[in-house]
$ cat data_10.tsv   # TSV, C-alpha atoms
chain	number	residue	atom	x	y	z
V	263	MET	CA	19.88	19.53	49.47
V	264	ALA	CA	19.30	19.70	45.72
V	265	ASP	CA	21.91	18.10	43.51
V	266	ASP	CA	24.35	20.54	41.95
V	267	PRO	CA	24.92	19.52	38.28
V	268	GLN	CA	28.30	21.25	38.19
V	269	ARG	CA	29.40	19.49	41.38
V	270	ASN	CA	28.18	16.14	40.04
V	271	PHE	CA	30.13	16.71	36.82
V	272	ARG	CA	33.29	17.55	38.77
V	273	SER	CA	32.88	14.49	41.00
V	274	ALA	CA	32.39	12.23	37.97
V	275	TYR	CA	35.47	13.74	36.34
V	276	TYR	CA	37.59	13.32	39.48
V	277	GLU	CA	36.51	9.69	39.73
V	278	LYS	CA	37.26	9.07	36.05
V	279	VAL	CA	40.83	10.39	36.33
V	280	GLY	CA	41.51	8.56	39.57
V	281	PHE	CA	40.80	11.22	42.18
V	282	ARG	CA	37.62	9.79	43.62
V	283	GLY	CA	36.60	11.54	46.79
V	284	VAL	CA	38.63	14.73	46.30
V	285	GLU	CA	35.65	16.97	46.95
V	286	GLU	CA	34.35	14.72	49.73
V	287	LYS	CA	37.70	15.01	51.55
V	288	LYS	CA	37.50	18.81	51.30
V	289	SER	CA	33.93	18.76	52.63
V	290	LEU	CA	35.00	16.67	55.61
V	291	GLU	CA	37.91	19.00	56.36
V	292	ILE	CA	35.46	21.91	56.47
V	293	LEU	CA	33.19	19.99	58.87
V	294	LEU	CA	36.16	19.18	61.12
V	295	LYS	CA	36.97	22.90	61.46
V	296	ASP	CA	33.60	23.56	63.15
V	297	ASN	CA	33.78	24.21	66.88
V	298	PRO	CA	31.77	22.60	68.31
V	299	LEU	CA	31.68	19.79	65.77
V	300	ASP	CA	28.25	19.09	64.29
V	301	LEU	CA	27.71	15.40	65.08
V	302	GLU	CA	24.65	15.17	62.86
V	303	LYS	CA	26.54	16.45	59.83
V	304	LEU	CA	29.51	14.19	60.57
V	305	SER	CA	27.15	11.22	60.80
V	306	THR	CA	25.49	12.17	57.53
V	307	PHE	CA	28.87	12.52	55.81
V	308	SER	CA	29.91	9.08	57.06
V	309	GLN	CA	26.66	7.58	55.80
V	310	ARG	CA	26.99	9.10	52.34
V	311	PHE	CA	30.73	8.79	51.70
V	312	PRO	CA	33.66	6.58	52.72
V	313	LEU	CA	35.79	8.27	55.37
V	314	PRO	CA	39.31	9.18	54.22
V	315	SER	CA	41.74	6.93	56.09
V	316	MET	CA	43.68	9.89	57.53
V	317	TYR	CA	40.55	11.14	59.33
V	318	ARG	CA	38.72	7.87	60.01
V	319	ILE	CA	39.90	7.19	63.59
V	320	HIS	CA	39.35	10.81	64.63
V	321	VAL	CA	35.79	10.83	63.25
V	322	TRP	CA	35.04	7.48	64.90
V	323	LYS	CA	36.25	8.82	68.25
V	324	VAL	CA	34.01	11.88	67.96
V	325	LEU	CA	30.92	9.93	66.81
V	326	LEU	CA	31.39	7.34	69.57
V	327	GLY	CA	31.72	10.03	72.24
V	328	ILE	CA	35.34	9.26	73.09
V	329	LEU	CA	36.14	12.87	72.21
V	330	PRO	CA	33.64	15.72	72.84
V	331	PRO	CA	32.24	17.99	70.09
V	332	HIS	CA	34.33	20.92	71.38
V	333	SER	CA	37.65	20.57	69.56
V	334	ASP	CA	39.56	22.73	72.05
V	335	SER	CA	38.91	20.06	74.72
V	336	HIS	CA	40.27	17.13	72.69
V	337	THR	CA	43.81	17.21	74.11
V	338	LEU	CA	42.61	17.39	77.72
V	339	VAL	CA	39.97	14.68	77.28
V	340	GLY	CA	42.50	12.51	75.43
V	341	SER	CA	44.84	12.73	78.44
V	342	TYR	CA	41.98	11.73	80.79
V	343	ARG	CA	41.21	8.71	78.58
V	344	LYS	CA	44.86	7.67	78.74
V	345	GLU	CA	44.96	8.03	82.55
V	346	GLN	CA	41.78	5.99	82.94
V	347	TYR	CA	43.21	3.29	80.66
V	348	GLN	CA	46.38	3.09	82.77
V	349	ASP	CA	44.41	2.98	86.02
V	350	ILE	CA	42.24	0.08	84.83
V	351	LEU	CA	45.27	-1.76	83.48
V	352	GLU	CA	47.17	-1.42	86.77
V	353	ALA	CA	44.14	-2.53	88.78
V	354	LEU	CA	43.84	-5.73	86.74
V	355	GLU	CA	47.58	-6.39	87.16
V	356	VAL	CA	47.36	-5.94	90.94
V	357	MET	CA	44.36	-8.30	91.08
V	358	ARG	CA	46.35	-10.75	88.90
V	359	TYR	CA	43.77	-11.00	86.14
V	360	ILE	CA	46.41	-10.11	83.57
V	361	ASN	CA	50.17	-10.26	83.22
V	362	SER	CA	52.82	-9.53	80.60
V	363	SER	CA	51.91	-12.66	78.60
V	364	THR	CA	48.14	-11.99	78.45
V	365	PRO	CA	47.04	-11.41	74.82
V	366	SER	CA	46.07	-7.79	74.30
V	367	THR	CA	42.54	-8.68	73.20
V	368	HIS	CA	41.99	-10.57	76.46
V	369	VAL	CA	43.37	-7.57	78.35
V	370	TYR	CA	40.75	-5.39	76.63
V	371	LEU	CA	38.05	-7.91	77.55
V	372	ARG	CA	39.02	-7.85	81.24
V	373	MET	CA	39.16	-4.04	81.19
V	374	PHE	CA	35.72	-3.92	79.62
V	375	GLN	CA	34.35	-6.39	82.19
V	376	LEU	CA	35.82	-4.39	85.06
V	377	GLU	CA	34.29	-1.15	83.81
V	378	SER	CA	30.97	-2.88	83.17
V	379	GLN	CA	31.07	-4.41	86.68
V	380	VAL	CA	30.83	-7.97	85.33
V	381	LEU	CA	34.40	-9.09	86.01
V	382	PRO	CA	34.28	-12.74	87.17
V	383	ARG	CA	36.24	-13.88	90.19
V	384	CYS	CA	39.70	-15.14	89.35
V	385	SER	CA	38.71	-18.59	90.63
V	386	GLU	CA	35.65	-18.58	88.35
V	387	THR	CA	37.29	-17.54	85.10
V	388	SER	CA	36.34	-19.91	82.31
V	389	PRO	CA	36.70	-20.01	78.51
V	390	PRO	CA	34.94	-17.02	76.85
V	391	ASP	CA	31.22	-17.50	76.19
V	392	GLU	CA	29.61	-16.43	72.90
V	393	GLU	CA	29.13	-12.82	73.97
V	394	ASN	CA	32.78	-12.57	75.01
V	395	GLU	CA	33.84	-14.21	71.74
V	396	ASP	CA	31.92	-11.48	69.90
V	397	PHE	CA	33.90	-8.89	71.88
V	398	LEU	CA	37.21	-10.65	71.18
V	399	SER	CA	36.49	-10.86	67.43
V	400	ILE	CA	35.74	-7.13	67.28
V	401	SER	CA	38.89	-6.49	69.36
V	402	ARG	CA	41.10	-8.49	67.00
V	403	ALA	CA	39.74	-6.58	64.02
V	404	MET	CA	40.08	-3.18	65.71
V	405	GLU	CA	43.71	-4.00	66.58
V	406	GLU	CA	44.44	-4.34	62.87
V	407	ILE	CA	42.90	-0.93	62.18
V	408	VAL	CA	44.19	1.09	65.16
V	409	ASP	CA	47.85	1.18	66.25
V	410	ASP	CA	47.63	2.94	69.61
V	411	PRO	CA	46.44	0.58	72.40
V	412	VAL	CA	44.69	3.37	74.33
V	413	ASP	CA	42.70	4.43	71.26
V	414	CYS	CA	42.11	0.78	70.42
V	415	TYR	CA	40.54	-0.02	73.81
V	416	TRP	CA	38.31	3.04	73.86
V	417	LEU	CA	37.13	2.41	70.31
V	418	ILE	CA	36.35	-1.25	71.07
V	419	LYS	CA	34.53	-0.38	74.29
V	420	CYS	CA	32.46	2.45	72.84
V	421	PHE	CA	31.75	0.60	69.58
V	422	VAL	CA	30.43	-2.44	71.47
V	423	ASN	CA	28.43	-0.32	73.93
V	424	GLN	CA	26.91	1.86	71.22
V	425	PHE	CA	26.08	-1.15	69.05
V	426	HIS	CA	24.24	-2.93	71.86
V	427	THR	CA	22.50	0.21	73.13
V	428	LYS	CA	21.37	1.50	69.73
V	429	PHE	CA	20.78	-1.72	67.86
V	430	GLY	CA	20.32	-4.44	70.48
V	431	ASP	CA	16.57	-4.64	69.81
V	432	SER	CA	17.09	-4.68	66.03
V	433	ILE	CA	19.71	-7.45	65.80
V	434	PRO	CA	17.24	-10.37	66.19
V	435	HIS	CA	15.21	-9.02	63.25
V	436	LEU	CA	18.12	-8.71	60.79
V	437	PRO	CA	17.89	-12.32	59.48
V	438	LYS	CA	14.26	-11.72	58.45
V	439	SER	CA	15.28	-8.47	56.82
V	440	LEU	CA	17.98	-10.31	54.87
V	441	GLU	CA	15.42	-12.89	53.74
V	442	HIS	CA	13.12	-10.10	52.51
V	443	TYR	CA	15.78	-8.34	50.42
V	444	LEU	CA	17.08	-11.64	49.05
V	445	SER	CA	13.54	-12.42	47.86
V	446	GLN	CA	13.63	-9.11	45.97
V	447	GLU	CA	17.07	-9.61	44.42
V	448	GLU	CA	17.40	-13.37	43.87
V	449	PRO	CA	14.33	-15.46	44.81
V	450	ARG	CA	15.82	-18.64	43.27
V	451	LEU	CA	18.78	-18.46	45.63
V	452	LEU	CA	16.46	-17.85	48.58
V	453	ASN	CA	14.42	-20.95	47.69
V	454	HIS	CA	17.61	-23.00	47.34
V	455	LEU	CA	18.81	-21.91	50.80
V	456	LYS	CA	15.41	-22.78	52.26
V	457	ASN	CA	15.22	-26.16	50.54
V	458	THR	CA	18.70	-27.21	51.67
V	459	GLY	CA	18.03	-26.05	55.23
V	460	ALA	CA	20.91	-23.57	55.02
V	461	LEU	CA	18.83	-20.41	55.52
V	462	VAL	CA	18.28	-20.95	59.23
V	463	GLN	CA	21.96	-21.88	59.71
V	464	LEU	CA	23.58	-18.91	57.97
V	465	PRO	CA	26.43	-17.38	60.05
V	466	TYR	CA	24.18	-14.68	61.51
V	467	SER	CA	26.30	-14.29	64.64
V	468	LEU	CA	29.43	-13.64	62.56
V	469	TRP	CA	27.57	-11.20	60.35
V	470	PHE	CA	25.23	-9.38	62.71
V	471	ARG	CA	26.71	-9.72	66.21
V	472	ARG	CA	30.38	-9.40	65.27
V	473	CYS	CA	29.66	-6.91	62.47
V	474	PHE	CA	31.73	-9.05	60.03
V	475	ALA	CA	34.83	-9.02	62.25
V	476	GLY	CA	36.67	-12.22	61.36
V	477	CYS	CA	34.83	-12.42	58.04
V	478	LEU	CA	36.05	-9.39	56.06
V	479	PRO	CA	39.64	-8.13	55.95
V	480	GLU	CA	40.10	-4.87	57.82
V	481	SER	CA	40.52	-2.77	54.65
V	482	SER	CA	36.94	-3.67	53.70
V	483	LEU	CA	35.58	-3.97	57.23
V	484	GLN	CA	36.35	-0.39	58.21
V	485	ARG	CA	34.13	0.91	55.39
V	486	VAL	CA	31.24	-1.13	56.83
V	487	TRP	CA	31.99	0.11	60.34
V	488	ASP	CA	31.90	3.72	59.07
V	489	LYS	CA	28.19	3.17	58.46
V	490	VAL	CA	27.54	1.28	61.71
V	491	ILE	CA	29.30	3.91	63.85
V	492	SER	CA	27.44	6.72	62.10
V	493	GLY	CA	24.08	5.15	62.88
V	494	SER	CA	23.09	2.27	60.58
V	495	CYS	CA	22.98	-1.42	61.48
V	496	LYS	CA	20.98	-2.07	58.30
V	497	ILE	CA	24.22	-1.92	56.29
V	498	LEU	CA	25.06	-5.32	57.83
V	499	VAL	CA	22.05	-6.84	56.08
V	500	PHE	CA	23.20	-5.57	52.70
V	501	VAL	CA	26.77	-6.78	53.16
V	502	ALA	CA	25.36	-10.24	53.94
V	503	LEU	CA	23.03	-9.92	50.95
V	504	GLU	CA	25.85	-9.00	48.58
V	505	ILE	CA	28.00	-11.90	49.84
V	506	LEU	CA	25.14	-14.25	48.95
V	507	LEU	CA	24.63	-12.62	45.55
V	508	SER	CA	28.35	-12.55	44.73
V	509	TYR	CA	28.75	-16.27	45.40
V	510	LYS	CA	25.36	-17.31	44.04
V	511	ILE	CA	26.78	-19.84	41.57
V	512	ILE	CA	28.87	-21.58	44.25
V	513	LEU	CA	25.96	-21.61	46.70
V	514	MET	CA	23.43	-22.85	44.13
V	515	SER	CA	25.73	-25.73	43.19
V	516	ASN	CA	25.99	-26.91	46.79
V	517	ASN	CA	23.05	-29.03	47.94
V	518	ARG	CA	24.30	-29.64	51.46
V	519	SER	CA	23.72	-27.00	54.14
V	520	GLU	CA	27.04	-27.92	55.80
V	521	GLY	CA	28.96	-27.02	52.64
V	522	VAL	CA	27.11	-23.71	52.25
V	523	ILE	CA	27.78	-22.68	55.85
V	524	LYS	CA	31.44	-23.74	55.75
V	525	PHE	CA	31.99	-21.65	52.61
V	526	LEU	CA	30.20	-18.57	54.02
V	527	ARG	CA	32.22	-18.71	57.24
V	528	ASN	CA	35.44	-18.51	55.22
V	529	ILE	CA	34.69	-16.47	52.12
V	530	PRO	CA	37.57	-15.62	49.73
V	531	GLN	CA	39.35	-12.46	50.85
V	532	GLU	CA	40.42	-11.03	47.50
V	533	ASN	CA	37.03	-9.71	46.35
V	534	THR	CA	35.72	-8.10	49.51
V	535	ASP	CA	36.25	-4.46	48.52
V	536	ALA	CA	33.96	-4.92	45.53
V	537	ILE	CA	31.42	-6.74	47.72
V	538	VAL	CA	31.32	-3.86	50.22
V	539	THR	CA	31.00	-1.28	47.42
V	540	LYS	CA	28.05	-3.16	45.90
V	541	ALA	CA	26.52	-3.65	49.37
V	542	ILE	CA	26.64	0.10	50.01
V	543	ASP	CA	24.98	0.68	46.62
V	544	LEU	CA	22.20	-1.77	47.56
V	545	TRP	CA	21.82	-0.07	50.94
V	546	HIS	CA	21.40	3.31	49.22
V	547	LYS	CA	18.99	1.78	46.72
V	548	TYR	CA	16.64	0.38	49.35
V	549	CYS	CA	17.16	2.70	52.29
V	550	GLY	CA	18.36	6.00	50.82
V	551	THR	CA	20.61	8.18	52.98
V	552	LEU	CA	20.26	10.99	55.46
V	553	VAL	CA	20.54	14.38	53.79
V	554	HIS	CA	22.13	17.45	55.36
V	555	ALA	CA	24.23	20.13	53.73
V	556	VAL	CA	27.90	19.26	54.03
$ encode --input "data_10.tsv" --output "structure tokens"
Amino acid sequence: MADDPQRNFRSAYYEKVGFRGVEEKKSLEILLKDNPLDLEKLSTFSQRFPLPSMYRIHVWKVLLGILPPHSDSHTLVGSYRKEQYQDILEALEVMRYINSSTPSTHVYLRMFQLESQVLPRCSETSPPDEENEDFLSISRAMEEIVDDPVDCYWLIKCFVNQFHTKFGDSIPHLPKSLEHYLSQEEPRLLNHLKNTGALVQLPYSLWFRRCFAGCLPESSLQRVWDKVISGSCKILVFVALEILLSYKIILMSNNRSEGVIKFLRNIPQENTDAIVTKAIDLWHKYCGTLVHAV
């Protein structure tokens, strides 16, 4: 779709006077009136623009397949999802895997395990392994974003399943991709991380397996997840890249890998919105975006 100079001028004006995204919100509202919904166009919109908070959960549910493209079926399907949630919950209570004091994130984990047919025997339950810790981290973050427990469980389940199905083969290659882009943006920092031994110890699991859950506050995290849910795991590389670039001075001044890793596992929380914005700009710079008329 060719750029419209008049539209670009209006968008720049809106942004200047504090109404950034006015036209994007209108475009999304038009897309959401389609019946059936066009998943490709919704994905493209989510890749190109931040989702307005009032529509974010609904769009996520559609893109993750929790709700079907046919809008007139949403109420019925929503009721089925709620019934299934209650059935799984009651089954776990009867089998005594959960009770009223079980943390909600652990309830979601047991529900997910039951549906995935990997629920351990009660006598064999042990502390969560790394894969389960990834699930719990994503659950804790999703709980901060989504109020309704039924929606929360379905979003966690479908997010995790989609991420592993779509991107499971790509995840092991993301560290090399990060190294490549860092060599383009800041080769001195890359050499410093190599020389201190920090490069191979970077918190890749936190960044690329937990999709920054437990690293970024939810207000910033949900903008990253917009891109992941709509089809890009590469955005994770650029968020990691921008974290490294943003704290370059601190990282360059630390000659011990332990200090570098400790800092990166607990980055300051006050600057994360700017980091995500710059990361998305870098992502667009190197990868471009899908283009469909919206």
$ closest_residue --input "data_10.tsv" --among "V:Ser366, V:Asp488, V:Asp396, V:Ile360" --to "Pro314 of chain V" --atoms "all atoms listed in the file"
V:Asp488
$ closest_residue --input "data_10.tsv" --among "V:Phe311, V:Phe470, V:Tyr317, V:Trp322" --to "Leu503 of chain V" --atoms "only C-alpha atoms"
V:Phe470
$ atom_distance --input "data_10.tsv" --atom1 "atom CA of Cys384 of chain V" --atom2 "atom CA of Met357 of chain V"
8.5 Å
$ closest_residue --input "data_10.tsv" --among "V:His546, V:Arg372, V:Lys295, V:Arg343" --to "Trp416 of chain V" --atoms "all atoms listed in the file"
V:Arg343
$ closest_residue --input "data_10.tsv" --among "V:Leu326, V:Leu455, V:Ala460, V:Leu444" --to "Lys419 of chain V" --atoms "all atoms listed in the file"
V:Leu326
$ closest_atom_pairs --input "data_10.tsv" --of "segment 447-492 of chain V" --to "segment 516-530 of chain V" --cutoff "7 Å" --atoms "only C-alpha atoms" --output "Markdown table"
| residue | atom | partner | partner_atom | distance |
| --- | --- | --- | --- | --- |
| V:Thr458 | CA | V:Ser519 | CA | 5.6 |
| V:Gly459 | CA | V:Ser519 | CA | 5.9 |
| V:Ala460 | CA | V:Ser519 | CA | 4.5 |
| V:Leu464 | CA | V:Ile523 | CA | 6.0 |
| V:Pro465 | CA | V:Arg527 | CA | 6.6 |
| V:Cys477 | CA | V:Asn528 | CA | 6.7 |
$ atom_distance --input "data_10.tsv" --atom1 "atom CA of Leu483 of chain V" --atom2 "atom CA of Asp410 of chain V"
18.6 Å
$ closest_residue --input "data_10.tsv" --among "V:Leu506, V:Ile418, V:Val486, V:Val356" --to "His454 of chain V" --atoms "all atoms listed in the file"
V:Leu506
$ residues_around --input "data_10.tsv" --residues "Ser341 of chain V" --least-positions-apart "6" --cutoff "12 Å" --atoms "all atoms listed in the file" --output "ChimeraX atom specification"
/V:328-329,335,347-348,412-413
$ residues_around --input "data_10.tsv" --residues "Leu436 of chain V" --least-positions-apart "3" --cutoff "9 Å" --atoms "all atoms listed in the file" --output "ChimeraX atom specification"
/V:432-433,439-441,466,470,495-496,498-499
$ write_last_selection --input "data_10.tsv" --atoms "C-alpha atoms" --output "tab-separated table (two decimals), in the coordinates of the input"
chain	number	residue	atom	x	y	z
V	432	SER	CA	17.09	-4.68	66.03
V	433	ILE	CA	19.71	-7.45	65.80
V	439	SER	CA	15.28	-8.47	56.82
V	440	LEU	CA	17.98	-10.31	54.87
V	441	GLU	CA	15.42	-12.89	53.74
V	466	TYR	CA	24.18	-14.68	61.51
V	470	PHE	CA	25.23	-9.38	62.71
V	495	CYS	CA	22.98	-1.42	61.48
V	496	LYS	CA	20.98	-2.07	58.30
V	498	LEU	CA	25.06	-5.32	57.83
V	499	VAL	CA	22.05	-6.84	56.08
$ closest_residue --input "data_10.tsv" --among "V:Lys489, V:Tyr342, V:Val462, V:Gln379" --to "Phe425 of chain V" --atoms "only C-alpha atoms"
V:Lys489
$ axis_aligned_box --input "data_10.tsv" --around "segment 469-474 of chain V" --padding-each-side "4 Å" --output "lines of an AutoDock Vina configuration file"
center_x = 28.5
center_y = -9.1
center_z = 63.1
size_x = 14.5
size_y = 12.3
size_z = 14.2
$ residues_near_point --input "data_10.tsv" --point "(27.9, 5.7, 61.4)" --cutoff "10 Å" --atoms "all atoms listed in the file" --output "list in words"
Leu304, Ser305, Thr306, Phe307, Ser308, Gln309, Arg310, Val321, Trp322, Leu325, Leu326, Arg485, Val486, Trp487, Asp488, Lys489, Val490, Ile491, Ser492, Gly493, Ser494, Cys495 and Ile497 of chain V
$ residues_near_point --input "data_10.tsv" --point "(35.0, -7.1, 83.2)" --cutoff "12 Å" --atoms "only C-alpha atoms" --output "ChimeraX atom specification"
/V:350-351,353-354,359-360,368-384,387,390,394,397,419
$ write_last_selection --input "data_10.tsv" --atoms "C-alpha atoms" --output "short mmCIF file (atom, residue, chain, number, x, y, z; two decimals), in the frame of the given file"
data_model
loop_
_atom_site.label_atom_id
_atom_site.label_comp_id
_atom_site.auth_asym_id
_atom_site.auth_seq_id
_atom_site.Cartn_x
_atom_site.Cartn_y
_atom_site.Cartn_z
CA ILE V 350 42.24 0.08 84.83
CA LEU V 351 45.27 -1.76 83.48
CA ALA V 353 44.14 -2.53 88.78
CA LEU V 354 43.84 -5.73 86.74
CA TYR V 359 43.77 -11.00 86.14
CA ILE V 360 46.41 -10.11 83.57
CA HIS V 368 41.99 -10.57 76.46
CA VAL V 369 43.37 -7.57 78.35
CA TYR V 370 40.75 -5.39 76.63
CA LEU V 371 38.05 -7.91 77.55
CA ARG V 372 39.02 -7.85 81.24
CA MET V 373 39.16 -4.04 81.19
CA PHE V 374 35.72 -3.92 79.62
CA GLN V 375 34.35 -6.39 82.19
CA LEU V 376 35.82 -4.39 85.06
CA GLU V 377 34.29 -1.15 83.81
CA SER V 378 30.97 -2.88 83.17
CA GLN V 379 31.07 -4.41 86.68
CA VAL V 380 30.83 -7.97 85.33
CA LEU V 381 34.40 -9.09 86.01
CA PRO V 382 34.28 -12.74 87.17
CA ARG V 383 36.24 -13.88 90.19
CA CYS V 384 39.70 -15.14 89.35
CA THR V 387 37.29 -17.54 85.10
CA PRO V 390 34.94 -17.02 76.85
CA ASN V 394 32.78 -12.57 75.01
CA PHE V 397 33.90 -8.89 71.88
CA LYS V 419 34.53 -0.38 74.29
#
